[in-house]
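File shown: protein-v7.pdb (PDB, C-alpha atoms).
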```pdb
MODEL        1
ATOM      1  CA  MET Q  17      31.037   9.089  47.938  1.00  0.00           C
ATOM      2  CA  ILE Q  18      33.583   6.483  46.870  1.00  0.00           C
ATOM      3  CA  SER Q  19      33.302   3.209  48.731  1.00  0.00           C
ATOM      4  CA  LYS Q  20      36.355   1.332  49.891  1.00  0.00           C
ATOM      5  CA  PRO Q  21      36.737  -2.031  48.114  1.00  0.00           C
ATOM      6  CA  ASP Q  22      36.672  -5.285  50.043  1.00  0.00           C
ATOM      7  CA  THR Q  23      40.147  -6.728  50.425  1.00  0.00           C
ATOM      8  CA  GLY Q  24      41.213 -10.351  50.145  1.00  0.00           C
ATOM      9  CA  LEU Q  25      44.536 -12.127  50.298  1.00  0.00           C
ATOM     10  CA  GLY Q  26      45.864 -14.617  47.782  1.00  0.00           C
ATOM     11  CA  VAL Q  27      48.911 -16.786  47.197  1.00  0.00           C
ATOM     12  CA  LYS Q  28      50.436 -18.450  44.147  1.00  0.00           C
ATOM     13  CA  GLY Q  29      53.323 -20.855  43.782  1.00  0.00           C
ATOM     14  CA  ILE Q  30      56.054 -21.227  41.207  1.00  0.00           C
ATOM     15  CA  LEU Q  31      56.464 -24.953  41.716  1.00  0.00           C
ATOM     16  CA  VAL Q  32      59.808 -26.233  40.457  1.00  0.00           C
ATOM     17  CA  LYS Q  33      60.496 -29.878  39.646  1.00  0.00           C
ATOM     18  CA  ARG Q  34      63.611 -30.865  37.680  1.00  0.00           C
ATOM     19  CA  ASN Q  35      64.094 -27.322  36.320  1.00  0.00           C
ATOM     20  CA  GLN Q  36      60.492 -27.127  35.148  1.00  0.00           C
ATOM     21  CA  VAL Q  37      57.543 -25.148  36.511  1.00  0.00           C
ATOM     22  CA  LEU Q  38      54.015 -26.487  36.937  1.00  0.00           C
ATOM     23  CA  VAL Q  39      51.423 -24.564  34.900  1.00  0.00           C
ATOM     24  CA  LEU Q  40      47.695 -25.206  35.205  1.00  0.00           C
ATOM     25  CA  GLN Q  41      44.876 -24.397  32.808  1.00  0.00           C
ATOM     26  CA  LYS Q  42      41.670 -22.992  34.284  1.00  0.00           C
ATOM     27  CA  VAL Q  43      38.243 -24.102  33.082  1.00  0.00           C
ATOM     28  CA  ASN Q  44      38.035 -20.833  31.079  1.00  0.00           C
ATOM     29  CA  GLY Q  45      41.252 -21.751  29.213  1.00  0.00           C
ATOM     30  CA  MET Q  46      43.523 -19.275  30.993  1.00  0.00           C
ATOM     31  CA  SER Q  47      46.935 -20.357  32.232  1.00  0.00           C
ATOM     32  CA  ASP Q  48      47.394 -20.321  35.985  1.00  0.00           C
ATOM     33  CA  LEU Q  49      49.789 -21.122  38.783  1.00  0.00           C
ATOM     34  CA  PRO Q  50      48.625 -23.236  41.717  1.00  0.00           C
ATOM     35  CA  GLY Q  51      47.324 -21.228  44.647  1.00  0.00           C
ATOM     36  CA  GLY Q  52      44.296 -19.311  45.812  1.00  0.00           C
ATOM     37  CA  LYS Q  53      42.596 -17.561  48.693  1.00  0.00           C
ATOM     38  CA  VAL Q  54      44.078 -17.173  52.151  1.00  0.00           C
ATOM     39  CA  GLU Q  55      41.480 -18.107  54.756  1.00  0.00           C
ATOM     40  CA  PRO Q  56      41.039 -15.981  57.932  1.00  0.00           C
ATOM     41  CA  GLY Q  57      43.672 -16.875  60.535  1.00  0.00           C
ATOM     42  CA  GLU Q  58      45.771 -18.808  58.024  1.00  0.00           C
ATOM     43  CA  SER Q  59      49.404 -17.924  57.285  1.00  0.00           C
ATOM     44  CA  LEU Q  60      50.396 -17.267  53.673  1.00  0.00           C
ATOM     45  CA  GLU Q  61      52.586 -20.360  53.657  1.00  0.00           C
ATOM     46  CA  ASP Q  62      49.894 -22.616  55.151  1.00  0.00           C
ATOM     47  CA  ALA Q  63      47.373 -21.283  52.636  1.00  0.00           C
ATOM     48  CA  LEU Q  64      49.684 -22.044  49.729  1.00  0.00           C
ATOM     49  CA  ILE Q  65      50.473 -25.562  50.937  1.00  0.00           C
ATOM     50  CA  ARG Q  66      46.718 -26.193  51.351  1.00  0.00           C
ATOM     51  CA  GLU Q  67      45.820 -24.713  47.963  1.00  0.00           C
ATOM     52  CA  ILE Q  68      48.527 -26.639  46.097  1.00  0.00           C
ATOM     53  CA  SER Q  69      47.398 -29.856  47.783  1.00  0.00           C
ATOM     54  CA  GLU Q  70      43.718 -29.179  46.994  1.00  0.00           C
ATOM     55  CA  GLU Q  71      44.386 -28.240  43.368  1.00  0.00           C
ATOM     56  CA  THR Q  72      47.073 -30.794  42.476  1.00  0.00           C
ATOM     57  CA  ARG Q  73      47.482 -33.303  45.358  1.00  0.00           C
ATOM     58  CA  LEU Q  74      51.224 -32.503  45.371  1.00  0.00           C
ATOM     59  CA  THR Q  75      53.392 -32.012  48.435  1.00  0.00           C
ATOM     60  CA  VAL Q  76      55.757 -29.039  48.262  1.00  0.00           C
ATOM     61  CA  GLU Q  77      58.331 -27.171  50.270  1.00  0.00           C
ATOM     62  CA  ILE Q  78      58.000 -23.391  50.253  1.00  0.00           C
ATOM     63  CA  LYS Q  79      61.397 -21.772  49.727  1.00  0.00           C
ATOM     64  CA  ALA Q  80      60.805 -17.998  49.574  1.00  0.00           C
ATOM     65  CA  PRO Q  81      58.379 -15.209  48.650  1.00  0.00           C
ATOM     66  CA  ILE Q  82      59.510 -13.791  45.325  1.00  0.00           C
ATOM     67  CA  TYR Q  83      56.849 -11.356  44.123  1.00  0.00           C
ATOM     68  CA  SER Q  84      53.910  -9.344  45.424  1.00  0.00           C
ATOM     69  CA  TRP Q  85      50.909  -8.383  43.310  1.00  0.00           C
ATOM     70  CA  SER Q  86      47.404  -6.947  43.481  1.00  0.00           C
ATOM     71  CA  PHE Q  87      44.367  -6.592  41.268  1.00  0.00           C
ATOM     72  CA  ILE Q  88      40.696  -5.616  41.392  1.00  0.00           C
ATOM     73  CA  LYS Q  89      38.401  -8.637  41.137  1.00  0.00           C
ATOM     74  CA  ASP Q  90      34.953  -8.210  39.591  1.00  0.00           C
ATOM     75  CA  GLY Q  91      35.337  -4.434  39.794  1.00  0.00           C
ATOM     76  CA  LYS Q  92      34.829  -4.338  43.559  1.00  0.00           C
ATOM     77  CA  SER Q  93      37.313  -6.424  45.560  1.00  0.00           C
ATOM     78  CA  LEU Q  94      40.991  -5.632  45.988  1.00  0.00           C
ATOM     79  CA  ILE Q  95      43.045  -8.821  46.019  1.00  0.00           C
ATOM     80  CA  LYS Q  96      46.568  -8.544  47.432  1.00  0.00           C
ATOM     81  CA  GLY Q  97      48.833 -11.491  46.927  1.00  0.00           C
ATOM     82  CA  TRP Q  98      52.243 -13.041  47.016  1.00  0.00           C
ATOM     83  CA  THR Q  99      53.952 -15.530  44.757  1.00  0.00           C
ATOM     84  CA  PHE Q 100      56.294 -17.999  46.426  1.00  0.00           C
ATOM     85  CA  LEU Q 101      58.988 -20.217  45.046  1.00  0.00           C
ATOM     86  CA  CYS Q 102      58.156 -23.845  45.895  1.00  0.00           C
ATOM     87  CA  LEU Q 103      60.095 -27.053  45.497  1.00  0.00           C
ATOM     88  CA  TYR Q 104      58.278 -30.251  44.497  1.00  0.00           C
ATOM     89  CA  LYS Q 105      58.546 -32.932  47.195  1.00  0.00           C
ATOM     90  CA  SER Q 106      56.191 -35.772  46.230  1.00  0.00           C
ATOM     91  CA  GLY Q 107      53.019 -36.913  44.518  1.00  0.00           C
ATOM     92  CA  GLU Q 108      51.471 -37.159  41.083  1.00  0.00           C
ATOM     93  CA  VAL Q 109      49.330 -34.325  39.750  1.00  0.00           C
ATOM     94  CA  ILE Q 110      45.623 -34.999  40.211  1.00  0.00           C
ATOM     95  CA  LEU Q 111      43.691 -31.864  39.282  1.00  0.00           C
ATOM     96  CA  SER Q 112      40.696 -30.478  41.127  1.00  0.00           C
ATOM     97  CA  SER Q 113      37.635 -29.281  39.217  1.00  0.00           C
ATOM     98  CA  GLU Q 114      39.148 -25.764  39.065  1.00  0.00           C
ATOM     99  CA  HIS Q 115      41.556 -26.796  36.304  1.00  0.00           C
ATOM    100  CA  THR Q 116      41.261 -28.867  33.146  1.00  0.00           C
ATOM    101  CA  LYS Q 117      44.900 -29.706  32.415  1.00  0.00           C
ATOM    102  CA  HIS Q 118      48.473 -29.138  33.485  1.00  0.00           C
ATOM    103  CA  TRP Q 119      51.968 -29.207  32.056  1.00  0.00           C
ATOM    104  CA  TRP Q 120      55.527 -28.697  33.215  1.00  0.00           C
ATOM    105  CA  SER Q 121      57.091 -25.726  31.428  1.00  0.00           C
ATOM    106  CA  LYS Q 122      60.814 -25.349  30.959  1.00  0.00           C
ATOM    107  CA  LEU Q 123      62.064 -22.274  32.802  1.00  0.00           C
ATOM    108  CA  ASP Q 124      63.312 -20.662  29.601  1.00  0.00           C
ATOM    109  CA  ARG Q 125      59.808 -20.922  28.094  1.00  0.00           C
ATOM    110  CA  LEU Q 126      57.876 -19.564  31.061  1.00  0.00           C
ATOM    111  CA  ASP Q 127      57.933 -16.038  29.627  1.00  0.00           C
ATOM    112  CA  GLN Q 128      55.736 -17.288  26.753  1.00  0.00           C
ATOM    113  CA  ILE Q 129      52.873 -18.092  29.145  1.00  0.00           C
ATOM    114  CA  PRO Q 130      50.581 -15.212  30.230  1.00  0.00           C
ATOM    115  CA  LEU Q 131      51.189 -15.286  33.990  1.00  0.00           C
ATOM    116  CA  ASN Q 132      52.356 -11.678  34.475  1.00  0.00           C
ATOM    117  CA  ARG Q 133      49.813 -10.877  37.168  1.00  0.00           C
ATOM    118  CA  TYR Q 134      51.527 -13.344  39.482  1.00  0.00           C
ATOM    119  CA  VAL Q 135      55.155 -13.136  38.441  1.00  0.00           C
ATOM    120  CA  GLY Q 136      55.645  -9.734  36.821  1.00  0.00           C
ATOM    121  CA  GLN Q 137      58.735  -9.456  34.681  1.00  0.00           C
ATOM    122  CA  MET Q 138      60.485 -12.345  36.425  1.00  0.00           C
ATOM    123  CA  THR Q 139      59.253 -14.885  33.892  1.00  0.00           C
ATOM    124  CA  SER Q 140      62.273 -14.446  31.665  1.00  0.00           C
ATOM    125  CA  GLY Q 141      64.065 -17.766  31.610  1.00  0.00           C
ATOM    126  CA  LYS Q 142      67.349 -15.858  31.736  1.00  0.00           C
ATOM    127  CA  ILE Q 143      66.355 -14.470  35.131  1.00  0.00           C
ATOM    128  CA  LEU Q 144      64.664 -17.546  36.538  1.00  0.00           C
ATOM    129  CA  ALA Q 145      66.839 -20.394  35.326  1.00  0.00           C
ATOM    130  CA  PRO Q 146      69.983 -19.817  37.426  1.00  0.00           C
ATOM    131  CA  ALA Q 147      68.170 -18.950  40.658  1.00  0.00           C
ATOM    132  CA  PHE Q 148      65.402 -21.542  40.390  1.00  0.00           C
ATOM    133  CA  SER Q 149      67.395 -24.515  39.185  1.00  0.00           C
ATOM    134  CA  GLN Q 150      66.951 -27.689  41.186  1.00  0.00           C
ATOM    135  CA  LYS Q 151      70.651 -27.691  42.030  1.00  0.00           C
ATOM    136  CA  SER Q 152      70.546 -24.119  43.383  1.00  0.00           C
ATOM    137  CA  LEU Q 153      67.450 -24.833  45.441  1.00  0.00           C
ATOM    138  CA  GLU Q 154      68.921 -27.970  46.963  1.00  0.00           C
ATOM    139  CA  LYS Q 155      72.139 -26.125  47.851  1.00  0.00           C
ATOM    140  CA  GLY Q 156      70.155 -23.432  49.639  1.00  0.00           C
ATOM    141  CA  VAL Q 157      70.949 -20.561  47.266  1.00  0.00           C
ATOM    142  CA  ASP Q 158      68.722 -17.568  48.027  1.00  0.00           C
ATOM    143  CA  PRO Q 159      66.332 -17.635  45.004  1.00  0.00           C
ATOM    144  CA  HIS Q 160      64.895 -14.180  45.596  1.00  0.00           C
ATOM    145  CA  ALA Q 161      68.159 -12.291  46.007  1.00  0.00           C
ATOM    146  CA  GLY Q 162      68.018  -9.317  43.683  1.00  0.00           C
ATOM    147  CA  PHE Q 163      64.266  -9.492  43.046  1.00  0.00           C
ATOM    148  CA  HIS Q 164      62.100  -6.518  43.892  1.00  0.00           C
ATOM    149  CA  TRP Q 165      58.595  -6.325  45.300  1.00  0.00           C
ATOM    150  CA  ALA Q 166      55.953  -4.684  43.110  1.00  0.00           C
TER     151      ALA Q 166
ENDMDL
END
```
Produce structure tokens that represent the structure in this file.
Amino acid sequence: MISKPDTGLGVKGILVKRNQVLVLQKVNGMSDLPGGKVEPGESLEDALIREISEETRLTVEIKAPIYSWSFIKDGKSLIKGWTFLCLYKSGEVILSSEHTKHWWSKLDRLDQIPLNRYVGQMTSGKILAPAFSQKSLEKGVDPHAGFHWA
């Protein structure tokens, strides 16, 4: 008999500030986006705002969901998640104990960072740069127009 895996929900944020994206480094050395687990009764957006605040102390504005993803964690739990486009609002990065360092990556270099689980093939700077530019976001351009859910 095959048992059904436990299911959890997760969220990640592509956090844009001055045409750059915040990238975190986990304790194990892996690159990461801010985000994490959605608690019971919590909306995806509220979970992401909480997680970004806990992990970085930054305040953000969530603009749009841009990608869905899933993976099996520890061989037994199915994690379903969504990546959202977020706009930096305020604060200085102060990392939690989950991460050891951070950097702001230029959009055209994001495809060189192994984040495919959370962003799929969208990491090409040629795809991201026009839609995720600070100017486009401030004008209210729909950043996920033309993107497809996995």
Practice task
Using only C-alpha atoms, pick whichever of Q:Ala63, Q:Cys102, Q:Val109, Q:Val32 has the shortest atom-to-atom distance to Glu77 in chain Q.
Solution key: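 When distances to Glu77 in chain Q are compared using only C-alpha atoms, the smallest one comes from Q:Cys102.
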How close does each residue of range 70-140 of chain Q get to range 51-62 of chain Q, giving the shortest atom pair and distance in Å to one decimal for every residue with an atom at most 10 Å away, counting all atoms listed in the file, sorted by chain and residue number, as a Markdown table?
```
| residue | atom | partner | partner_atom | distance |
| --- | --- | --- | --- | --- |
| Q:Glu70 | CA | Q:Gly51 | CA | 9.0 |
| Q:Glu71 | CA | Q:Gly51 | CA | 7.7 |
| Q:Thr72 | CA | Q:Gly51 | CA | 9.8 |
| Q:Glu77 | CA | Q:Glu61 | CA | 9.5 |
| Q:Ile78 | CA | Q:Glu61 | CA | 7.1 |
| Q:Lys79 | CA | Q:Glu61 | CA | 9.8 |
| Q:Ala80 | CA | Q:Glu61 | CA | 9.5 |
| Q:Pro81 | CA | Q:Glu61 | CA | 9.2 |
| Q:Ile95 | CA | Q:Lys53 | CA | 9.2 |
| Q:Lys96 | CA | Q:Lys53 | CA | 9.9 |
| Q:Gly97 | CA | Q:Lys53 | CA | 8.9 |
| Q:Trp98 | CA | Q:Leu60 | CA | 8.1 |
| Q:Thr99 | CA | Q:Gly51 | CA | 8.7 |
| Q:Phe100 | CA | Q:Glu61 | CA | 8.5 |
```
Exercise for the section: Please check which residues have atoms at most 10 Å from (49.7, -31.6, 31.2) in the file's coordinates, counting all atoms listed in the file, and write them as a PyMOL selection string. Expected result: chain Q and resi 38-41+109+116-121
Handout entry: Which of Q:Leu25, Q:Ile88, Q:Val43, Q:Leu49 sits closest to Leu101 in chain Q [using only C-alpha atoms]
Key = Q:Leu49
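If all atoms listed in the file are the atoms counted, then among Q:Lys42, Q:Arg125, Q:Val37, Q:Asp90 the closest residue to Tyr104 in chain Q is Q:Val37.
One distance worth recording is that between CA of Gly91 in chain Q and CA of Ile30 in chain Q, which is 26.7 Å.
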Practice task
Give the answer as one residue: which of Q:Ile82, Q:Ile129, Q:Asn44, Q:Thr75 has the shortest atom-to-atom distance to Ser113 in chain Q, using only C-alpha atoms?
Solution key: Q:Asn44
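When CA of Val135 in chain Q is paired with CA of Lys105 in chain Q, their separation reads 21.9 Å.
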Exercise for the section: Enter the distance from CA of Phe87 in chain Q to CA of Asp124 in chain Q, in Å, rounded to one decimal. Expected result: 26.3 Å
Handout entry: Option closest in space to Asp48 in chain Q, from Q:Asn35, Q:Glu114, Q:Glu108, Q:Lys92 [counting all atoms listed in the file]
Key =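 Of the candidates, the smallest distance to Asp48 in chain Q is held by Q:Glu114.
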Exercise for the section: Tell me which of Q:Ser69, Q:Gln128, Q:Ser86, Q:Ser93 sits closest to Ser106 in chain Q, counting all atoms listed in the file. Expected result: Q:Ser69
